[in-house]
file my_file20.txt (compact mmCIF, C-alpha atoms)
# COMPACT_ATOMS: atom_id res chain seq x y z
CA MET A 45 -66.07 7.94 -44.02
CA PRO A 46 -64.46 5.25 -46.22
CA PHE A 47 -62.42 6.43 -49.17
CA GLU A 48 -64.09 6.51 -52.58
CA PRO A 49 -61.85 6.47 -55.70
CA SER A 50 -64.07 9.06 -57.42
CA LEU A 51 -62.85 11.64 -54.89
CA LEU A 52 -59.44 11.65 -56.60
CA PHE A 53 -60.93 13.75 -59.43
CA GLN A 54 -62.29 16.47 -57.14
CA ALA A 55 -60.17 19.56 -56.45
CA SER A 56 -61.74 19.96 -53.01
CA PHE A 57 -60.45 16.51 -52.07
CA TRP A 58 -56.82 17.45 -52.74
CA SER A 59 -57.30 20.76 -50.95
CA ASP A 60 -58.53 18.93 -47.84
CA ILE A 61 -55.64 16.46 -48.09
CA ALA A 62 -53.12 19.30 -48.28
CA GLN A 63 -54.62 20.93 -45.19
CA LEU A 64 -54.12 17.66 -43.30
CA ILE A 65 -50.72 16.62 -44.66
CA THR A 66 -48.92 19.98 -44.53
CA PRO A 67 -49.12 20.60 -40.75
CA ALA A 68 -48.41 16.92 -40.06
CA VAL A 69 -45.21 17.09 -42.13
CA GLY A 70 -44.20 20.26 -40.26
CA GLU A 71 -44.77 18.59 -36.89
CA THR A 72 -42.77 15.52 -37.93
CA LEU A 73 -39.84 17.60 -39.18
CA TYR A 74 -39.92 19.69 -35.99
CA MET A 75 -39.73 16.56 -33.82
CA VAL A 76 -37.03 14.97 -35.97
CA VAL A 77 -34.74 18.02 -36.21
CA VAL A 78 -34.95 19.00 -32.53
CA SER A 79 -34.67 15.40 -31.31
CA THR A 80 -31.67 14.67 -33.52
CA ILE A 81 -29.83 17.80 -32.37
CA LEU A 82 -30.50 17.11 -28.67
CA ALA A 83 -29.70 13.41 -29.05
CA TYR A 84 -26.29 14.29 -30.52
CA LEU A 85 -25.61 16.86 -27.82
CA LEU A 86 -26.00 14.00 -25.33
CA GLY A 87 -24.85 11.01 -27.37
CA LEU A 88 -21.73 12.43 -29.03
CA PRO A 89 -19.84 13.02 -25.74
CA LEU A 90 -20.96 9.62 -24.47
CA GLY A 91 -19.66 7.92 -27.61
CA ILE A 92 -16.33 9.74 -27.32
CA ILE A 93 -15.98 8.70 -23.68
CA LEU A 94 -16.72 5.08 -24.59
CA VAL A 95 -13.91 5.12 -27.13
CA VAL A 96 -11.17 6.98 -25.27
CA THR A 97 -11.71 5.02 -22.04
CA SER A 98 -11.64 1.63 -23.77
CA PRO A 99 -8.60 -0.63 -23.15
CA GLY A 100 -5.53 0.43 -25.07
CA HIS A 101 -6.87 3.83 -26.08
CA ILE A 102 -5.66 7.30 -25.08
CA SER A 103 -7.31 7.39 -21.62
CA PRO A 104 -8.14 3.80 -20.66
CA ASN A 105 -10.52 3.48 -17.74
CA PRO A 106 -12.29 0.10 -17.64
CA TRP A 107 -14.68 1.11 -14.85
CA VAL A 108 -15.99 4.17 -16.67
CA GLU A 109 -16.23 2.30 -19.94
CA ARG A 110 -18.00 -0.67 -18.37
CA ILE A 111 -20.51 1.32 -16.29
CA LEU A 112 -21.33 3.76 -19.08
CA GLY A 113 -21.64 0.95 -21.62
CA THR A 114 -24.02 -0.94 -19.33
CA LEU A 115 -26.26 2.11 -18.83
CA ILE A 116 -26.35 2.72 -22.56
CA ASN A 117 -27.22 -0.92 -23.26
CA ILE A 118 -30.05 -0.80 -20.72
CA LEU A 119 -31.65 2.21 -22.39
CA ARG A 120 -31.09 0.77 -25.86
CA SER A 121 -32.75 -2.52 -24.93
CA ALA A 122 -36.04 -0.84 -23.99
CA PRO A 123 -38.52 -0.55 -26.90
CA PHE A 124 -39.39 3.05 -27.74
CA ILE A 125 -43.11 2.59 -27.11
CA ILE A 126 -42.31 1.49 -23.54
CA LEU A 127 -40.03 4.48 -22.95
CA LEU A 128 -42.75 6.69 -24.38
CA VAL A 129 -45.19 5.55 -21.69
CA ALA A 130 -42.68 5.07 -18.85
CA PHE A 131 -41.37 8.64 -19.08
CA ILE A 132 -44.80 10.32 -19.15
CA PRO A 133 -44.39 11.69 -15.58
CA PHE A 134 -40.89 12.98 -16.38
CA THR A 135 -42.10 14.49 -19.65
CA ARG A 136 -45.01 16.21 -17.92
CA SER A 137 -42.73 17.64 -15.24
CA LEU A 138 -40.26 18.87 -17.85
CA VAL A 139 -42.51 20.45 -20.49
CA GLY A 140 -45.82 20.68 -18.64
CA THR A 141 -47.68 18.13 -20.76
CA SER A 142 -47.35 14.57 -22.01
CA ILE A 143 -49.27 15.11 -25.26
CA GLY A 144 -48.14 16.87 -28.41
CA THR A 145 -45.04 17.27 -30.52
CA THR A 146 -42.92 19.03 -27.90
CA ALA A 147 -43.75 16.39 -25.31
CA ALA A 148 -42.82 13.62 -27.76
CA ILE A 149 -39.33 15.08 -28.13
CA VAL A 150 -38.42 14.08 -24.54
CA PRO A 151 -38.75 10.28 -24.99
CA LEU A 152 -37.37 10.60 -28.52
CA VAL A 153 -34.14 12.10 -27.16
CA ILE A 154 -33.94 9.58 -24.30
CA SER A 155 -34.32 6.73 -26.77
CA ALA A 156 -32.03 8.14 -29.49
CA ALA A 157 -29.12 9.37 -27.34
CA PRO A 158 -27.85 5.85 -26.42
CA PHE A 159 -28.18 4.85 -30.07
CA VAL A 160 -26.14 7.90 -31.05
CA ALA A 161 -23.48 6.99 -28.49
CA ARG A 162 -23.01 3.55 -30.04
CA VAL A 163 -23.02 4.94 -33.58
CA VAL A 164 -20.36 7.50 -32.63
CA GLU A 165 -18.33 4.82 -30.85
CA SER A 166 -18.40 2.64 -33.95
CA SER A 167 -17.36 5.54 -36.20
CA LEU A 168 -14.45 6.64 -34.01
CA LYS A 169 -13.13 3.11 -33.65
CA GLU A 170 -12.69 3.03 -37.43
CA VAL A 171 -9.89 5.60 -37.13
CA PRO A 172 -6.54 3.75 -37.46
CA TYR A 173 -4.68 3.78 -34.17
CA GLY A 174 -1.47 4.56 -36.03
CA VAL A 175 -2.81 8.06 -36.70
CA ILE A 176 -3.48 8.48 -32.99
CA GLU A 177 -0.02 7.21 -32.09
CA ALA A 178 1.51 9.75 -34.46
CA ALA A 179 -0.37 12.54 -32.67
CA LEU A 180 0.72 11.18 -29.27
CA SER A 181 4.34 11.11 -30.39
CA MET A 182 4.08 14.82 -31.20
CA GLY A 183 2.86 15.57 -27.67
CA ALA A 184 -0.83 16.05 -28.41
CA SER A 185 -3.13 15.97 -25.39
CA PRO A 186 -6.20 13.68 -25.26
CA LEU A 187 -8.48 16.67 -25.92
CA GLN A 188 -6.40 17.69 -28.94
CA ILE A 189 -6.49 14.14 -30.28
CA ILE A 190 -10.28 14.09 -29.96
CA GLN A 191 -10.72 17.47 -31.64
CA LYS A 192 -8.03 17.26 -34.33
CA VAL A 193 -7.65 13.54 -35.03
CA LEU A 194 -10.61 11.37 -34.03
CA LEU A 195 -13.49 13.60 -35.10
CA PRO A 196 -11.94 14.90 -38.35
CA GLU A 197 -10.77 11.45 -39.43
CA ALA A 198 -14.19 9.92 -38.76
CA LYS A 199 -16.30 12.72 -40.23
CA ALA A 200 -17.57 10.71 -43.22
CA SER A 201 -18.66 7.84 -40.99
CA LEU A 202 -20.18 10.28 -38.50
CA ILE A 203 -22.26 11.86 -41.27
CA LEU A 204 -23.62 8.43 -42.21
CA GLY A 205 -24.33 7.89 -38.52
CA VAL A 206 -26.35 11.11 -38.40
CA THR A 207 -28.31 9.90 -41.40
CA ILE A 208 -29.07 6.54 -39.81
CA THR A 209 -30.05 8.18 -36.52
CA THR A 210 -32.34 10.70 -38.21
CA ILE A 211 -34.12 8.00 -40.18
CA SER A 212 -34.57 5.94 -37.00
CA ILE A 213 -36.06 8.97 -35.23
CA ILE A 214 -38.52 9.40 -38.10
CA GLY A 215 -39.72 5.88 -37.37
CA TYR A 216 -39.99 6.71 -33.68
CA THR A 217 -42.12 9.80 -34.41
CA ALA A 218 -44.61 7.58 -36.23
CA MET A 219 -44.95 5.48 -33.07
CA ALA A 220 -45.27 8.64 -30.98
CA GLY A 221 -48.40 9.40 -32.98
CA ALA A 222 -50.05 6.40 -31.31
CA VAL A 223 -50.21 8.32 -28.01
CA GLY A 224 -51.02 11.77 -29.34
CA GLY A 225 -47.53 12.83 -30.32
CA GLY A 226 -48.69 14.55 -33.48
CA GLY A 227 -47.05 14.41 -36.87
CA LEU A 228 -47.59 11.98 -39.72
CA GLY A 229 -47.98 9.01 -37.38
CA ASP A 230 -50.85 10.69 -35.56
CA LEU A 231 -52.45 11.64 -38.89
CA ALA A 232 -52.22 8.08 -40.17
CA ILE A 233 -53.82 6.69 -37.00
CA GLN A 234 -56.50 9.31 -36.37
CA TYR A 235 -57.59 9.88 -39.97
CA GLY A 236 -56.31 6.85 -41.84
CA TYR A 237 -56.87 3.95 -39.47
CA ASN A 238 -59.69 5.12 -37.20
CA ARG A 239 -61.73 6.62 -40.05
CA PHE A 240 -60.94 3.88 -42.59
CA ARG A 241 -59.27 6.37 -44.95
CA THR A 242 -56.85 4.24 -46.93
CA ASP A 243 -55.97 7.28 -49.05
CA ILE A 244 -54.60 9.07 -45.97
CA MET A 245 -52.65 5.97 -44.97
CA ILE A 246 -51.10 5.60 -48.43
CA LEU A 247 -50.22 9.29 -48.74
CA THR A 248 -48.64 9.27 -45.28
CA VAL A 249 -46.44 6.33 -46.23
CA ILE A 250 -45.47 8.01 -49.52
CA VAL A 251 -44.48 11.24 -47.73
CA LEU A 252 -42.39 9.29 -45.21
CA ILE A 253 -40.66 7.39 -48.02
CA VAL A 254 -39.84 10.67 -49.79
CA ILE A 255 -38.41 12.19 -46.59
CA VAL A 256 -36.34 9.12 -45.78
CA GLN A 257 -35.04 8.78 -49.34
CA GLY A 258 -34.10 12.44 -49.43
CA LEU A 259 -32.22 12.23 -46.14
CA GLN A 260 -30.42 9.06 -47.18
CA SER A 261 -29.33 10.56 -50.49
CA LEU A 262 -28.15 13.75 -48.80
CA GLY A 263 -26.22 11.85 -46.13
CA THR A 264 -24.60 9.51 -48.62
CA THR A 265 -23.56 12.41 -50.86
CA LEU A 266 -22.04 14.38 -47.98
CA ALA A 267 -20.21 11.33 -46.64
CA ARG A 268 -18.78 10.60 -50.09
CA LYS A 269 -17.50 14.16 -50.43
CA LEU A 270 -15.94 14.12 -46.96
CA SER A 271 -14.37 10.71 -47.34
CA HIS A 272 -10.60 10.52 -47.92
call {"tool": "encode", "arguments": {"input": "my_file20.txt", "output": "structure tokens"}}
result
Amino acid sequence: MPFEPSLLFQASFWSDIAQLITPAVGETLYMVVVSTILAYLLGLPLGIILVVTSPGHISPNPWVERILGTLINILRSAPFIILLVAFIPFTRSLVGTSIGTTAAIVPLVISAAPFVARVVESSLKEVPYGVIEAALSMGASPLQIIQKVLLPEAKASLILGVTITTISIIGYTAMAGAVGGGGLGDLAIQYGYNRFRTDIMILTVIVLIVIVQGLQSLGTTLARKLSH
């Protein structure tokens, strides 16, 4: 049923809206938090490997760096909506279904992990090599340099990277709603678009803006505090 402005003055209208928005927000946050954590569990080591195996770094290995970089670029070049459909058989075999919030996490992680790897690579390459050379001169091993030099020195940039990644995943979850992934994207499509409810569409966008703005402010504040 199309939206009528007079409904804004009815308490039952806002009660119905809350019953729709609240679970959708919960589903979106669930997908975003779990996907971000899993994407970093995969992408952080990949980003570290890309850096330390690059020419002139602590463990140069051009073959590893080239092959890994190519694989990451291939996954990054595929639009998320294509990965969402292409990995339906893999998602179904992994979680038992290809529909719902848990199922959407699988393509979200596959799409976000290569992005995380490049973000981490960029952050770690900002660390001055003179600091690394100082650690090498004191006999530090590559693992010690990664743990005590690279990651600590790049923590502010890494925090900003987490913020950027999380916001990108929020956008991906909206697209996941197009194929039954749940969350705010699914709400906007099923109730806003298909039922011509512009009020639902507008409220969904407002909620997403609030979430994104909150995350960006939090990430910027943390990065500023951790910066040298």
call {"tool": "residues_around", "arguments": {"input": "my_file20.txt", "residues": "Ile111 of chain A", "least_positions_apart": "4", "cutoff": "12 Å", "atoms": "all atoms listed in the file", "output": "list in words"}}
result
Leu90, Ile93, Leu94, Thr97, Ser98, Asn105, Pro106, Trp107, Leu115, Ile116, Asn117 and Ile118 of chain A
call {"tool": "closest_residue", "arguments": {"input": "my_file20.txt", "among": "A:Ser212, A:Tyr237, A:Leu88, A:Ala220", "to": "Leu259 of chain A", "atoms": "all atoms listed in the file"}}
result
A:Ser212
call {"tool": "atom_distance", "arguments": {"input": "my_file20.txt", "atom1": "atom CA of Thr114 of chain A", "atom2": "atom CA of Leu127 of chain A"}}
result
17.3 Å
call {"tool": "closest_residue", "arguments": {"input": "my_file20.txt", "among": "A:Ala161, A:Val78, A:Ile132, A:Leu168", "to": "Val96 of chain A", "atoms": "all atoms listed in the file"}}
result
A:Leu168
call {"tool": "closest_atom_pairs", "arguments": {"input": "my_file20.txt", "of": "segment 76-173 of chain A", "to": "segment 179-196 of chain A", "cutoff": "12 Å", "atoms": "only C-alpha atoms", "output": "Markdown table"}}
result
| residue | atom | partner | partner_atom | distance |
| --- | --- | --- | --- | --- |
| A:Leu88 | CA | A:Leu195 | CA | 10.3 |
| A:Pro89 | CA | A:Ile190 | CA | 10.5 |
| A:Gly91 | CA | A:Leu195 | CA | 11.2 |
| A:Ile92 | CA | A:Ile190 | CA | 7.9 |
| A:Ile93 | CA | A:Ile190 | CA | 10.0 |
| A:Val95 | CA | A:Leu194 | CA | 9.9 |
| A:Val96 | CA | A:Pro186 | CA | 8.3 |
| A:Thr97 | CA | A:Pro186 | CA | 10.8 |
| A:His101 | CA | A:Pro186 | CA | 9.9 |
| A:Ile102 | CA | A:Pro186 | CA | 6.4 |
| A:Ser103 | CA | A:Pro186 | CA | 7.4 |
| A:Pro104 | CA | A:Pro186 | CA | 11.1 |
| A:Val164 | CA | A:Leu195 | CA | 9.5 |
| A:Glu165 | CA | A:Leu194 | CA | 10.6 |
| A:Ser166 | CA | A:Leu194 | CA | 11.7 |
| A:Ser167 | CA | A:Leu195 | CA | 9.0 |
| A:Leu168 | CA | A:Leu194 | CA | 6.1 |
| A:Lys169 | CA | A:Leu194 | CA | 8.6 |
| A:Glu170 | CA | A:Leu194 | CA | 9.2 |
| A:Val171 | CA | A:Leu194 | CA | 6.6 |
| A:Pro172 | CA | A:Leu194 | CA | 9.3 |
| A:Tyr173 | CA | A:Leu194 | CA | 9.6 |
call {"tool": "atom_distance", "arguments": {"input": "my_file20.txt", "atom1": "atom CA of Arg268 of chain A", "atom2": "atom CA of Ile208 of chain A"}}
result
15.1 Å
call {"tool": "residues_around", "arguments": {"input": "my_file20.txt", "residues": "segment 149-154 of chain A", "least_positions_apart": "4", "cutoff": "10 Å", "atoms": "all atoms listed in the file", "output": "count of residues only"}}
result
42
call {"tool": "axis_aligned_box", "arguments": {"input": "my_file20.txt", "around": "segment 64-77 of chain A", "padding_each_side": "8 Å", "output": "AutoDock Vina command-line options"}}
result
--center_x -44.4 --center_y 17.8 --center_z -39.2 --size_x 35.4 --size_y 21.6 --size_z 26.8
call {"tool": "closest_residue", "arguments": {"input": "my_file20.txt", "among": "A:Arg162, A:Thr209, A:Pro67, A:Ala62", "to": "Leu112 of chain A", "atoms": "all atoms listed in the file"}}
result
A:Arg162
call {"tool": "atom_distance", "arguments": {"input": "my_file20.txt", "atom1": "atom CA of Pro133 of chain A", "atom2": "atom CA of Ala147 of chain A"}}
result
10.8 Å
call {"tool": "residues_near_point", "arguments": {"input": "my_file20.txt", "point": "(-40.4, 13.4, -43.3)", "cutoff": "6 Å", "atoms": "all atoms listed in the file", "output": "list in words"}}
result
Leu73, Leu252 and Ile255 of chain A
call {"tool": "write_last_selection", "arguments": {"input": "my_file20.txt", "atoms": "C-alpha atoms", "output": "tab-separated table (two decimals), in the coordinates of the input"}}
result
chain	number	residue	atom	x	y	z
A	73	LEU	CA	-39.84	17.60	-39.18
A	252	LEU	CA	-42.39	9.29	-45.21
A	255	ILE	CA	-38.41	12.19	-46.59
call {"tool": "closest_residue", "arguments": {"input": "my_file20.txt", "among": "A:Thr210, A:Thr72, A:Thr141, A:Ser155", "to": "Val251 of chain A", "atoms": "only C-alpha atoms"}}
result
A:Thr72
call {"tool": "closest_residue", "arguments": {"input": "my_file20.txt", "among": "A:Ala68, A:Ala156, A:Met245, A:Val163", "to": "Leu204 of chain A", "atoms": "all atoms listed in the file"}}
result
A:Val163
